[in-house]
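Raw contents of run.cif, mmCIF, N, CA and C atoms:
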```
data_start
#
loop_
_atom_site.label_atom_id
_atom_site.label_comp_id
_atom_site.auth_asym_id
_atom_site.auth_seq_id
_atom_site.Cartn_x
_atom_site.Cartn_y
_atom_site.Cartn_z
N MET A 1 5.52 5.17 -11.07
CA MET A 1 5.13 6.11 -10.04
C MET A 1 5.21 5.41 -8.68
N ARG A 2 5.68 6.12 -7.69
CA ARG A 2 5.81 5.56 -6.35
C ARG A 2 4.48 5.61 -5.61
N ILE A 3 4.32 4.67 -4.70
CA ILE A 3 3.08 4.60 -3.92
C ILE A 3 2.89 5.86 -3.09
N SER A 4 3.98 6.48 -2.65
CA SER A 4 3.87 7.70 -1.83
C SER A 4 3.26 8.86 -2.61
N ASP A 5 3.34 8.80 -3.93
CA ASP A 5 2.73 9.85 -4.76
C ASP A 5 1.24 9.62 -4.98
N MET A 6 0.77 8.42 -4.68
CA MET A 6 -0.62 8.06 -4.96
C MET A 6 -1.53 8.13 -3.74
N ILE A 7 -0.95 8.06 -2.53
CA ILE A 7 -1.79 7.94 -1.34
C ILE A 7 -1.64 9.14 -0.41
N THR A 8 -2.59 9.24 0.48
CA THR A 8 -2.53 10.22 1.56
C THR A 8 -2.62 9.44 2.87
N LYS A 9 -2.49 10.13 3.97
CA LYS A 9 -2.57 9.47 5.27
C LYS A 9 -3.93 8.82 5.50
N ASP A 10 -4.98 9.37 4.88
CA ASP A 10 -6.32 8.81 5.03
C ASP A 10 -6.46 7.43 4.38
N ASP A 11 -5.57 7.11 3.44
CA ASP A 11 -5.65 5.85 2.71
C ASP A 11 -4.92 4.71 3.42
N LEU A 12 -4.18 5.02 4.46
CA LEU A 12 -3.34 4.02 5.11
C LEU A 12 -4.15 2.97 5.85
N GLY A 13 -3.63 1.75 5.85
CA GLY A 13 -4.19 0.66 6.63
C GLY A 13 -3.26 0.37 7.79
N GLU A 14 -3.60 -0.64 8.56
CA GLU A 14 -2.77 -1.00 9.71
C GLU A 14 -1.48 -1.65 9.26
N PRO A 15 -0.40 -1.47 9.97
CA PRO A 15 -0.19 -0.69 11.19
C PRO A 15 0.16 0.76 10.90
N TYR A 16 0.27 1.10 9.62
CA TYR A 16 0.73 2.44 9.24
C TYR A 16 -0.24 3.53 9.69
N LEU A 17 -1.52 3.20 9.76
CA LEU A 17 -2.51 4.17 10.19
C LEU A 17 -2.24 4.67 11.61
N ARG A 18 -1.77 3.77 12.48
CA ARG A 18 -1.45 4.17 13.86
C ARG A 18 -0.27 5.13 13.93
N LEU A 19 0.54 5.15 12.89
CA LEU A 19 1.74 5.99 12.89
C LEU A 19 1.55 7.29 12.11
N ALA A 20 0.36 7.50 11.55
CA ALA A 20 0.12 8.66 10.69
C ALA A 20 0.28 9.99 11.41
N ASP A 21 0.04 10.03 12.72
CA ASP A 21 0.20 11.27 13.47
C ASP A 21 1.67 11.56 13.79
N ILE A 22 2.49 10.53 13.76
CA ILE A 22 3.91 10.67 14.13
C ILE A 22 4.79 10.87 12.90
N LEU A 23 4.50 10.11 11.84
CA LEU A 23 5.34 10.10 10.65
C LEU A 23 4.60 10.68 9.45
N ASP A 24 5.34 11.33 8.54
CA ASP A 24 4.71 11.77 7.30
C ASP A 24 4.77 10.63 6.28
N ILE A 25 4.16 10.80 5.13
CA ILE A 25 4.08 9.73 4.13
C ILE A 25 5.47 9.26 3.70
N GLY A 26 6.40 10.17 3.50
CA GLY A 26 7.76 9.78 3.12
C GLY A 26 8.42 8.91 4.16
N GLU A 27 8.23 9.24 5.43
CA GLU A 27 8.81 8.44 6.51
C GLU A 27 8.13 7.08 6.62
N ILE A 28 6.82 7.05 6.39
CA ILE A 28 6.10 5.78 6.41
C ILE A 28 6.60 4.88 5.29
N CYS A 29 6.89 5.46 4.14
CA CYS A 29 7.44 4.68 3.01
C CYS A 29 8.83 4.15 3.34
N LYS A 30 9.64 4.94 4.05
CA LYS A 30 10.96 4.47 4.48
C LYS A 30 10.82 3.30 5.46
N LEU A 31 9.87 3.43 6.38
CA LEU A 31 9.62 2.38 7.35
C LEU A 31 9.18 1.10 6.65
N GLU A 32 8.29 1.24 5.70
CA GLU A 32 7.80 0.08 4.95
C GLU A 32 8.93 -0.60 4.19
N ALA A 33 9.79 0.19 3.56
CA ALA A 33 10.90 -0.38 2.80
C ALA A 33 11.88 -1.13 3.71
N ALA A 34 12.07 -0.63 4.91
CA ALA A 34 13.02 -1.25 5.84
C ALA A 34 12.44 -2.48 6.54
N LEU A 35 11.15 -2.48 6.84
CA LEU A 35 10.56 -3.54 7.65
C LEU A 35 9.55 -4.42 6.93
N ARG A 36 9.33 -4.18 5.67
CA ARG A 36 8.32 -4.92 4.90
C ARG A 36 8.50 -6.43 5.04
N GLY A 37 7.39 -7.09 5.34
CA GLY A 37 7.42 -8.54 5.45
C GLY A 37 7.91 -9.06 6.79
N ARG A 38 8.17 -8.18 7.73
CA ARG A 38 8.67 -8.61 9.04
C ARG A 38 7.60 -8.40 10.10
N GLN A 39 7.69 -9.21 11.12
CA GLN A 39 6.84 -9.06 12.28
C GLN A 39 7.75 -8.72 13.45
N ILE A 40 7.42 -7.65 14.15
CA ILE A 40 8.27 -7.17 15.24
C ILE A 40 7.44 -7.05 16.51
N ARG A 41 8.03 -7.46 17.62
CA ARG A 41 7.37 -7.30 18.92
C ARG A 41 7.84 -6.00 19.54
N PHE A 42 6.89 -5.18 19.92
CA PHE A 42 7.20 -3.92 20.57
C PHE A 42 6.86 -4.06 22.05
N ALA A 43 7.78 -3.63 22.91
CA ALA A 43 7.59 -3.71 24.36
C ALA A 43 6.35 -2.91 24.76
N ARG A 44 5.73 -3.34 25.84
CA ARG A 44 4.46 -2.75 26.25
C ARG A 44 4.52 -1.23 26.45
N TYR A 45 5.56 -0.73 27.03
CA TYR A 45 5.64 0.72 27.31
C TYR A 45 6.70 1.40 26.46
N GLY A 46 6.99 0.83 25.31
CA GLY A 46 7.95 1.45 24.41
C GLY A 46 9.38 1.01 24.68
N GLY A 47 9.74 0.81 25.92
CA GLY A 47 11.10 0.37 26.26
C GLY A 47 12.16 1.34 25.77
N ASP A 48 13.37 0.86 25.68
CA ASP A 48 14.48 1.66 25.18
C ASP A 48 14.59 1.41 23.67
N ALA A 49 14.14 2.36 22.90
CA ALA A 49 14.09 2.20 21.44
C ALA A 49 15.47 1.94 20.85
N GLU A 50 16.49 2.57 21.42
CA GLU A 50 17.84 2.41 20.88
C GLU A 50 18.34 0.96 21.03
N LYS A 51 18.00 0.34 22.15
CA LYS A 51 18.41 -1.05 22.39
C LYS A 51 17.53 -2.04 21.64
N GLU A 52 16.23 -1.84 21.75
CA GLU A 52 15.28 -2.82 21.24
C GLU A 52 15.02 -2.70 19.74
N HIS A 53 15.11 -1.50 19.19
CA HIS A 53 14.78 -1.29 17.77
C HIS A 53 15.81 -0.36 17.11
N PRO A 54 17.05 -0.80 17.01
CA PRO A 54 18.08 0.06 16.42
C PRO A 54 17.78 0.44 14.97
N GLU A 55 17.04 -0.42 14.24
CA GLU A 55 16.72 -0.10 12.85
C GLU A 55 15.82 1.13 12.77
N LEU A 56 14.94 1.31 13.77
CA LEU A 56 14.09 2.51 13.81
C LEU A 56 14.91 3.75 14.12
N CYS A 57 15.87 3.59 15.01
CA CYS A 57 16.74 4.73 15.36
C CYS A 57 17.56 5.17 14.15
N LEU A 58 18.01 4.22 13.37
CA LEU A 58 18.76 4.57 12.16
C LEU A 58 17.88 5.30 11.15
N LEU A 59 16.63 4.90 11.06
CA LEU A 59 15.72 5.52 10.11
C LEU A 59 15.28 6.92 10.53
N PHE A 60 14.92 7.07 11.82
CA PHE A 60 14.26 8.30 12.25
C PHE A 60 14.95 9.08 13.35
N GLY A 61 15.96 8.52 13.96
CA GLY A 61 16.56 9.15 15.12
C GLY A 61 15.92 8.61 16.39
N ARG A 62 16.58 8.82 17.49
CA ARG A 62 16.18 8.23 18.76
C ARG A 62 14.81 8.69 19.24
N GLU A 63 14.54 9.98 19.17
CA GLU A 63 13.28 10.51 19.70
C GLU A 63 12.07 9.99 18.92
N LYS A 64 12.12 10.07 17.60
CA LYS A 64 11.00 9.63 16.78
C LYS A 64 10.85 8.11 16.84
N ALA A 65 11.95 7.38 16.93
CA ALA A 65 11.90 5.92 17.07
C ALA A 65 11.19 5.55 18.37
N GLY A 66 11.44 6.31 19.42
CA GLY A 66 10.76 6.09 20.70
C GLY A 66 9.26 6.34 20.58
N GLN A 67 8.87 7.36 19.83
CA GLN A 67 7.45 7.65 19.62
C GLN A 67 6.78 6.50 18.86
N VAL A 68 7.45 5.99 17.84
CA VAL A 68 6.92 4.86 17.07
C VAL A 68 6.77 3.64 17.96
N ALA A 69 7.80 3.35 18.76
CA ALA A 69 7.77 2.19 19.66
C ALA A 69 6.64 2.32 20.69
N ARG A 70 6.41 3.53 21.19
CA ARG A 70 5.32 3.73 22.15
C ARG A 70 3.96 3.58 21.48
N ALA A 71 3.84 4.07 20.24
CA ALA A 71 2.56 3.97 19.52
C ALA A 71 2.19 2.51 19.23
N LEU A 72 3.19 1.68 19.00
CA LEU A 72 2.96 0.27 18.68
C LEU A 72 3.20 -0.64 19.87
N GLY A 73 3.44 -0.05 21.05
CA GLY A 73 3.81 -0.80 22.25
C GLY A 73 2.83 -1.89 22.64
N GLY A 74 3.41 -3.03 23.04
CA GLY A 74 2.62 -4.15 23.52
C GLY A 74 2.09 -5.06 22.44
N ASP A 75 2.44 -4.82 21.20
CA ASP A 75 1.91 -5.61 20.09
C ASP A 75 3.00 -6.30 19.30
N PHE A 76 2.62 -7.43 18.69
CA PHE A 76 3.41 -8.01 17.61
C PHE A 76 2.86 -7.33 16.37
N VAL A 77 3.70 -6.65 15.63
CA VAL A 77 3.22 -5.89 14.48
C VAL A 77 3.84 -6.43 13.21
N TYR A 78 2.99 -6.79 12.27
CA TYR A 78 3.44 -7.20 10.95
C TYR A 78 3.39 -5.99 10.03
N PHE A 79 4.47 -5.75 9.31
CA PHE A 79 4.55 -4.62 8.40
C PHE A 79 4.35 -5.13 6.97
N PRO A 80 3.14 -4.99 6.43
CA PRO A 80 2.88 -5.45 5.07
C PRO A 80 3.43 -4.45 4.06
N GLU A 81 3.39 -4.85 2.80
CA GLU A 81 3.72 -3.92 1.73
C GLU A 81 2.73 -2.77 1.83
N LEU A 82 3.19 -1.56 1.64
CA LEU A 82 2.32 -0.40 1.75
C LEU A 82 1.19 -0.47 0.72
N ARG A 83 1.51 -0.99 -0.45
CA ARG A 83 0.51 -1.13 -1.50
C ARG A 83 -0.62 -2.05 -1.03
N ALA A 84 -0.28 -3.10 -0.29
CA ALA A 84 -1.30 -4.01 0.24
C ALA A 84 -2.10 -3.33 1.34
N SER A 85 -1.44 -2.50 2.12
CA SER A 85 -2.11 -1.78 3.20
C SER A 85 -3.12 -0.77 2.65
N CYS A 86 -2.83 -0.23 1.48
CA CYS A 86 -3.69 0.78 0.84
C CYS A 86 -4.43 0.18 -0.35
N ARG A 87 -4.74 -1.08 -0.27
CA ARG A 87 -5.31 -1.84 -1.38
C ARG A 87 -6.52 -1.16 -2.02
N GLU A 88 -7.45 -0.70 -1.23
CA GLU A 88 -8.67 -0.11 -1.79
C GLU A 88 -8.39 1.16 -2.58
N LYS A 89 -7.48 1.98 -2.09
CA LYS A 89 -7.12 3.21 -2.80
C LYS A 89 -6.48 2.87 -4.14
N VAL A 90 -5.56 1.90 -4.15
CA VAL A 90 -4.88 1.51 -5.39
C VAL A 90 -5.89 0.95 -6.38
N LYS A 91 -6.83 0.13 -5.91
CA LYS A 91 -7.86 -0.41 -6.80
C LYS A 91 -8.70 0.70 -7.41
N SER A 92 -9.07 1.68 -6.60
CA SER A 92 -9.89 2.77 -7.14
C SER A 92 -9.10 3.60 -8.15
N LEU A 93 -7.81 3.79 -7.92
CA LEU A 93 -6.99 4.51 -8.90
C LEU A 93 -6.90 3.73 -10.22
N ILE A 94 -6.77 2.42 -10.13
CA ILE A 94 -6.71 1.60 -11.34
C ILE A 94 -8.03 1.72 -12.11
N ARG A 95 -9.14 1.64 -11.40
CA ARG A 95 -10.46 1.75 -12.06
C ARG A 95 -10.64 3.12 -12.71
N GLU A 96 -10.18 4.17 -12.05
CA GLU A 96 -10.30 5.53 -12.60
C GLU A 96 -9.49 5.70 -13.87
N GLU A 97 -8.30 5.11 -13.91
CA GLU A 97 -7.39 5.32 -15.03
C GLU A 97 -7.61 4.35 -16.19
N PHE A 98 -8.47 3.36 -16.00
CA PHE A 98 -8.69 2.37 -17.04
C PHE A 98 -9.51 2.99 -18.17
N ASN A 99 -9.04 2.82 -19.41
CA ASN A 99 -9.74 3.38 -20.56
C ASN A 99 -10.31 2.30 -21.48
N GLY A 100 -10.22 1.05 -21.07
CA GLY A 100 -10.75 -0.04 -21.88
C GLY A 100 -9.66 -0.85 -22.56
N TYR A 101 -8.45 -0.30 -22.63
CA TYR A 101 -7.38 -0.96 -23.38
C TYR A 101 -6.03 -0.96 -22.69
N ASN A 102 -5.85 -0.18 -21.64
CA ASN A 102 -4.52 0.05 -21.07
C ASN A 102 -4.14 -0.89 -19.92
N TYR A 103 -4.42 -2.17 -20.06
CA TYR A 103 -4.08 -3.15 -19.02
C TYR A 103 -2.57 -3.17 -18.75
N ILE A 104 -1.79 -3.23 -19.80
CA ILE A 104 -0.34 -3.36 -19.65
C ILE A 104 0.26 -2.11 -19.00
N LYS A 105 -0.18 -0.94 -19.44
CA LYS A 105 0.34 0.30 -18.84
C LYS A 105 -0.02 0.41 -17.36
N LEU A 106 -1.23 0.01 -17.02
CA LEU A 106 -1.64 0.03 -15.62
C LEU A 106 -0.82 -0.97 -14.80
N ALA A 107 -0.56 -2.13 -15.38
CA ALA A 107 0.24 -3.14 -14.70
C ALA A 107 1.64 -2.61 -14.42
N GLU A 108 2.24 -1.96 -15.38
CA GLU A 108 3.58 -1.38 -15.20
C GLU A 108 3.56 -0.27 -14.17
N ARG A 109 2.57 0.60 -14.25
CA ARG A 109 2.49 1.76 -13.36
C ARG A 109 2.32 1.36 -11.90
N PHE A 110 1.44 0.37 -11.66
CA PHE A 110 1.12 0.00 -10.29
C PHE A 110 1.90 -1.19 -9.77
N GLY A 111 2.73 -1.79 -10.60
CA GLY A 111 3.57 -2.90 -10.16
C GLY A 111 2.84 -4.22 -10.00
N TYR A 112 1.78 -4.41 -10.75
CA TYR A 112 1.04 -5.66 -10.76
C TYR A 112 1.23 -6.33 -12.10
N CYS A 113 0.86 -7.60 -12.18
CA CYS A 113 0.85 -8.27 -13.49
C CYS A 113 -0.47 -7.91 -14.19
N GLU A 114 -0.48 -8.09 -15.49
CA GLU A 114 -1.67 -7.75 -16.27
C GLU A 114 -2.89 -8.56 -15.81
N ARG A 115 -2.67 -9.79 -15.46
CA ARG A 115 -3.76 -10.66 -15.01
C ARG A 115 -4.41 -10.11 -13.75
N HIS A 116 -3.60 -9.57 -12.84
CA HIS A 116 -4.15 -9.00 -11.61
C HIS A 116 -4.95 -7.73 -11.91
N ILE A 117 -4.46 -6.92 -12.84
CA ILE A 117 -5.19 -5.71 -13.24
C ILE A 117 -6.57 -6.12 -13.78
N ARG A 118 -6.60 -7.14 -14.62
CA ARG A 118 -7.88 -7.62 -15.17
C ARG A 118 -8.80 -8.11 -14.05
N ALA A 119 -8.26 -8.77 -13.07
CA ALA A 119 -9.07 -9.25 -11.95
C ALA A 119 -9.63 -8.07 -11.14
N ILE A 120 -8.83 -7.05 -10.93
CA ILE A 120 -9.29 -5.86 -10.21
C ILE A 120 -10.42 -5.18 -10.97
N LEU A 121 -10.29 -5.15 -12.28
CA LEU A 121 -11.30 -4.50 -13.10
C LEU A 121 -12.54 -5.36 -13.29
N GLY A 122 -12.49 -6.59 -12.80
CA GLY A 122 -13.69 -7.41 -12.78
C GLY A 122 -13.97 -8.20 -14.03
N GLY A 123 -12.96 -8.54 -14.78
CA GLY A 123 -13.22 -9.36 -15.96
C GLY A 123 -11.98 -10.05 -16.44
N GLY A 124 -12.18 -10.96 -17.34
CA GLY A 124 -11.06 -11.63 -17.97
C GLY A 124 -10.58 -10.79 -19.14
N LYS A 125 -10.46 -11.41 -20.29
CA LYS A 125 -9.98 -10.69 -21.46
C LYS A 125 -11.04 -9.75 -22.01
N THR A 126 -12.31 -10.02 -21.76
CA THR A 126 -13.36 -9.12 -22.23
C THR A 126 -14.03 -8.50 -21.02
N ARG A 127 -14.41 -7.27 -21.15
CA ARG A 127 -15.09 -6.59 -20.06
C ARG A 127 -16.57 -6.92 -20.10
N GLU A 128 -17.19 -6.93 -18.94
CA GLU A 128 -18.61 -7.26 -18.87
C GLU A 128 -19.46 -6.15 -19.47
N ARG A 129 -19.10 -4.92 -19.28
CA ARG A 129 -19.90 -3.85 -19.84
C ARG A 129 -19.31 -3.42 -21.18
N GLN A 130 -20.16 -2.97 -22.06
CA GLN A 130 -19.71 -2.55 -23.37
C GLN A 130 -19.28 -1.09 -23.33
N MET A 131 -18.26 -0.79 -24.09
CA MET A 131 -17.83 0.59 -24.27
C MET A 131 -18.71 1.20 -25.35
N ASP A 132 -18.84 2.53 -25.40
CA ASP A 132 -19.63 3.20 -26.44
C ASP A 132 -19.09 2.83 -27.81
N GLY A 133 -19.99 2.43 -28.69
CA GLY A 133 -19.61 2.10 -30.05
C GLY A 133 -19.07 0.69 -30.22
N GLN A 134 -19.02 -0.07 -29.16
CA GLN A 134 -18.48 -1.42 -29.23
C GLN A 134 -19.61 -2.41 -29.49
N ILE A 135 -19.36 -3.39 -30.36
CA ILE A 135 -20.36 -4.39 -30.71
C ILE A 135 -20.12 -5.62 -29.84
N ALA A 136 -21.19 -6.15 -29.25
CA ALA A 136 -21.09 -7.37 -28.45
C ALA A 136 -20.94 -8.57 -29.37
N LEU A 137 -20.24 -9.60 -28.92
CA LEU A 137 -20.02 -10.79 -29.75
C LEU A 137 -21.31 -11.48 -30.12
N ASP A 138 -22.30 -11.48 -29.24
CA ASP A 138 -23.56 -12.15 -29.53
C ASP A 138 -24.41 -11.39 -30.55
N GLU A 139 -24.03 -10.16 -30.90
CA GLU A 139 -24.77 -9.38 -31.90
C GLU A 139 -24.26 -9.61 -33.32
N ILE A 140 -23.13 -10.29 -33.46
CA ILE A 140 -22.54 -10.54 -34.77
C ILE A 140 -23.26 -11.72 -35.42
N ASP A 141 -23.65 -11.57 -36.71
CA ASP A 141 -24.34 -12.66 -37.43
C ASP A 141 -23.39 -13.70 -37.89
#
```
Structure rendered as C-alpha coordinates:
Amino acid sequence: MRISDMITKDDLGEPYLRLADILDIGEICKLEAALRGRQIRFARYGGDAEKEHPELCLLFGREKAGQVARALGGDFVYFPELRASCREKVKSLIREEFNGYNYIKLAERFGYCERHIRAILGGGKTRERQMDGQIALDEID
(Lines of atoms letter the chains of each structure in order from A and count residues from 1; the text may use other names and numbers.)
(Lines give C-alpha, C1' and ligand atoms only; values in the text may rest on other atoms or scores of the structure.)
Protein backbone atom coordinates (compact mmCIF):
# COMPACT_ATOMS: atom_id res chain seq x y z
CA MET A 1 0.00 0.00 0.00
CA ARG A 2 1.28 3.47 -0.84
CA ILE A 3 1.80 6.12 1.80
CA SER A 4 -0.60 8.43 -0.07
CA ASP A 5 -3.41 5.96 0.66
CA MET A 6 -2.68 6.01 4.39
CA ILE A 7 -2.34 9.71 5.19
CA THR A 8 -4.27 12.94 4.94
CA LYS A 9 -3.00 16.51 4.84
CA ASP A 10 -3.46 16.70 8.63
CA ASP A 11 -0.82 13.98 9.09
CA LEU A 12 1.93 15.80 7.20
CA GLY A 13 5.11 17.02 8.87
CA GLU A 14 7.55 19.66 7.71
CA PRO A 15 8.21 20.79 5.02
CA TYR A 16 5.20 19.13 3.41
CA LEU A 17 2.79 20.71 5.89
CA ARG A 18 3.65 24.17 4.53
CA LEU A 19 2.67 22.99 1.05
CA ALA A 20 -0.65 21.37 2.01
CA ASP A 21 -2.68 24.40 0.89
CA ILE A 22 -0.97 24.47 -2.52
CA LEU A 23 -0.56 20.78 -3.38
CA ASP A 24 -2.83 17.78 -2.95
CA ILE A 25 -1.56 14.50 -1.44
CA GLY A 26 -0.74 13.01 -4.85
CA GLU A 27 1.35 16.05 -5.79
CA ILE A 28 3.10 16.01 -2.41
CA CYS A 29 3.99 12.35 -3.04
CA LYS A 30 5.41 13.29 -6.46
CA LEU A 31 7.45 16.04 -4.84
CA GLU A 32 8.75 13.66 -2.20
CA ALA A 33 9.73 11.07 -4.81
CA ALA A 34 11.61 13.67 -6.85
CA LEU A 35 13.37 15.51 -4.01
CA ARG A 36 13.63 12.95 -1.21
CA GLY A 37 16.89 13.18 0.67
CA ARG A 38 17.86 16.53 -0.84
CA GLN A 39 18.26 19.92 0.72
CA ILE A 40 17.34 22.86 -1.49
CA ARG A 41 17.77 26.59 -0.95
CA PHE A 42 14.77 28.63 -1.95
CA ALA A 43 15.26 32.33 -2.74
CA ARG A 44 13.76 34.73 -0.24
CA TYR A 45 10.97 36.02 -2.49
CA GLY A 46 10.48 32.94 -4.62
CA GLY A 47 12.66 34.20 -7.47
CA ASP A 48 12.22 32.83 -10.97
CA ALA A 49 11.02 29.27 -10.39
CA GLU A 50 11.79 28.23 -13.97
CA LYS A 51 15.46 29.23 -13.62
CA GLU A 52 16.09 28.31 -10.02
CA HIS A 53 13.96 25.15 -9.67
CA PRO A 54 13.40 23.53 -13.07
CA GLU A 55 12.63 20.19 -11.38
CA LEU A 56 9.57 21.80 -9.75
CA CYS A 57 8.44 23.23 -13.07
CA LEU A 58 8.66 19.79 -14.64
CA LEU A 59 6.60 18.30 -11.83
CA PHE A 60 3.89 20.93 -11.47
CA GLY A 61 4.17 23.54 -14.19
CA ARG A 62 5.49 27.06 -13.91
CA GLU A 63 2.66 28.65 -11.91
CA LYS A 64 2.41 25.99 -9.20
CA ALA A 65 6.22 25.71 -8.99
CA GLY A 66 6.29 29.45 -8.31
CA GLN A 67 3.73 29.03 -5.52
CA VAL A 68 5.83 26.26 -3.95
CA ALA A 69 8.99 28.38 -4.21
CA ARG A 70 7.23 31.35 -2.58
CA ALA A 71 5.83 29.17 0.22
CA LEU A 72 9.32 27.85 1.02
CA GLY A 73 11.12 31.11 0.19
CA GLY A 74 14.16 32.13 2.19
CA ASP A 75 14.82 28.68 3.63
CA PHE A 76 17.13 25.76 3.15
CA VAL A 77 14.59 22.95 3.00
CA TYR A 78 15.36 19.29 3.52
CA PHE A 79 12.83 16.94 1.95
CA PRO A 80 12.64 13.79 4.10
CA GLU A 81 10.91 10.58 3.17
CA LEU A 82 7.19 11.20 3.46
CA ARG A 83 6.87 8.17 5.71
CA ALA A 84 9.36 9.78 8.11
CA SER A 85 7.48 13.07 7.94
CA CYS A 86 4.25 11.27 8.91
CA ARG A 87 5.94 8.99 11.44
CA GLU A 88 3.30 9.26 14.16
CA LYS A 89 0.43 8.44 11.80
CA VAL A 90 2.27 5.39 10.42
CA LYS A 91 3.04 4.19 13.95
CA SER A 92 -0.59 4.50 14.98
CA LEU A 93 -1.70 2.58 11.88
CA ILE A 94 0.76 -0.20 12.71
CA ARG A 95 -0.54 -0.38 16.29
CA GLU A 96 -4.16 -0.48 15.08
CA GLU A 97 -3.52 -3.30 12.61
CA PHE A 98 -1.40 -5.45 14.91
CA ASN A 99 -3.18 -8.65 15.95
CA GLY A 100 -0.43 -10.20 18.04
CA TYR A 101 1.15 -12.25 15.27
CA ASN A 102 1.36 -10.26 12.02
CA TYR A 103 4.82 -8.68 12.36
CA ILE A 104 5.97 -9.83 8.93
CA LYS A 105 2.82 -8.70 7.11
CA LEU A 106 3.01 -5.29 8.76
CA ALA A 107 6.69 -5.01 7.83
CA GLU A 108 5.88 -5.76 4.19
CA ARG A 109 2.88 -3.43 4.11
CA PHE A 110 4.62 -0.43 5.64
CA GLY A 111 8.08 -0.97 4.16
CA TYR A 112 9.90 -1.55 7.44
CA CYS A 113 11.90 -4.51 8.65
CA GLU A 114 10.28 -6.84 11.17
CA ARG A 115 12.64 -5.67 13.89
CA HIS A 116 11.48 -2.07 13.44
CA ILE A 117 7.83 -3.14 13.62
CA ARG A 118 8.59 -4.90 16.92
CA ALA A 119 10.29 -1.76 18.22
CA ILE A 120 7.28 0.38 17.26
CA LEU A 121 4.99 -2.03 19.05
CA GLY A 122 7.13 -1.73 22.15
CA GLY A 123 8.62 -5.15 22.58
CA GLY A 124 11.07 -7.69 21.40
CA LYS A 125 9.94 -11.16 20.43
CA THR A 126 7.40 -11.28 23.25
CA ARG A 127 4.84 -8.60 23.94
CA GLU A 128 4.67 -7.03 27.36
CA ARG A 129 0.94 -7.41 27.68
CA GLN A 130 -0.79 -10.74 27.45
CA MET A 131 -3.37 -11.52 24.82
CA ASP A 132 -6.68 -13.10 25.97
CA GLY A 133 -6.19 -16.78 26.62
CA GLN A 134 -2.41 -16.54 26.51
CA ILE A 135 -0.34 -18.09 29.31
CA ALA A 136 2.62 -16.12 30.68
CA LEU A 137 5.96 -17.95 30.79
CA ASP A 138 6.30 -17.42 34.54
CA GLU A 139 2.97 -19.26 35.10
CA ILE A 140 4.26 -22.52 33.60
CA ASP A 141 5.35 -25.14 36.19
- Message: I need the helix (DSSP H, G or I) residues of chain A per DSSP on the backbone, written as an MDAnalysis selection string.
- Response: chainID A and resid 3:5 9:11 16:19 25:35 49:52 54:60 62:71 82:85 87:97 103:110 114:120 137:139
- CA of Gly26 in chain A sits from atom N of Arg115 in chain A at a separation of 28.9 Å
- Task: Pick out the residues sitting within 12 Å of range 117-121 of chain A, and hand them over as a count of residues only; count only C-alpha atoms, and ignore anything fewer than 3 positions along from it in its own chain.
- Result: 34
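Nearest to Glu14 in chain A of all the residues A:Arg70, A:Phe42, A:Gly61, A:Tyr78 is A:Tyr78, based on only N, CA and C atoms.
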- Can you give me, as a PyMOL selection string, the residues this file yields under the PyMOL selection byres ((chain A and resi 41) around 7)? chain A and resi 39-40+42-43+74-77
- Message: I need every residue sitting at most 8 Å from the point (1.2, 1.2, 2.2) (coordinates as in the file, only N, CA and C atoms considered), written as a list in words.
- Response: Ile3, Ser4, Asp11, Leu12, Gly13, Tyr16, Ile28, Cys29, Glu32, Pro80, Glu81, Leu82, Arg83, Ala84, Ser85, Cys86 and Arg87 of chain A
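Ranking A:Leu17, A:Ala71, A:Ile7, A:Leu31 by their shortest atom-to-atom distance to Leu58 in chain A, with only C-alpha atoms included, puts A:Leu31 first.
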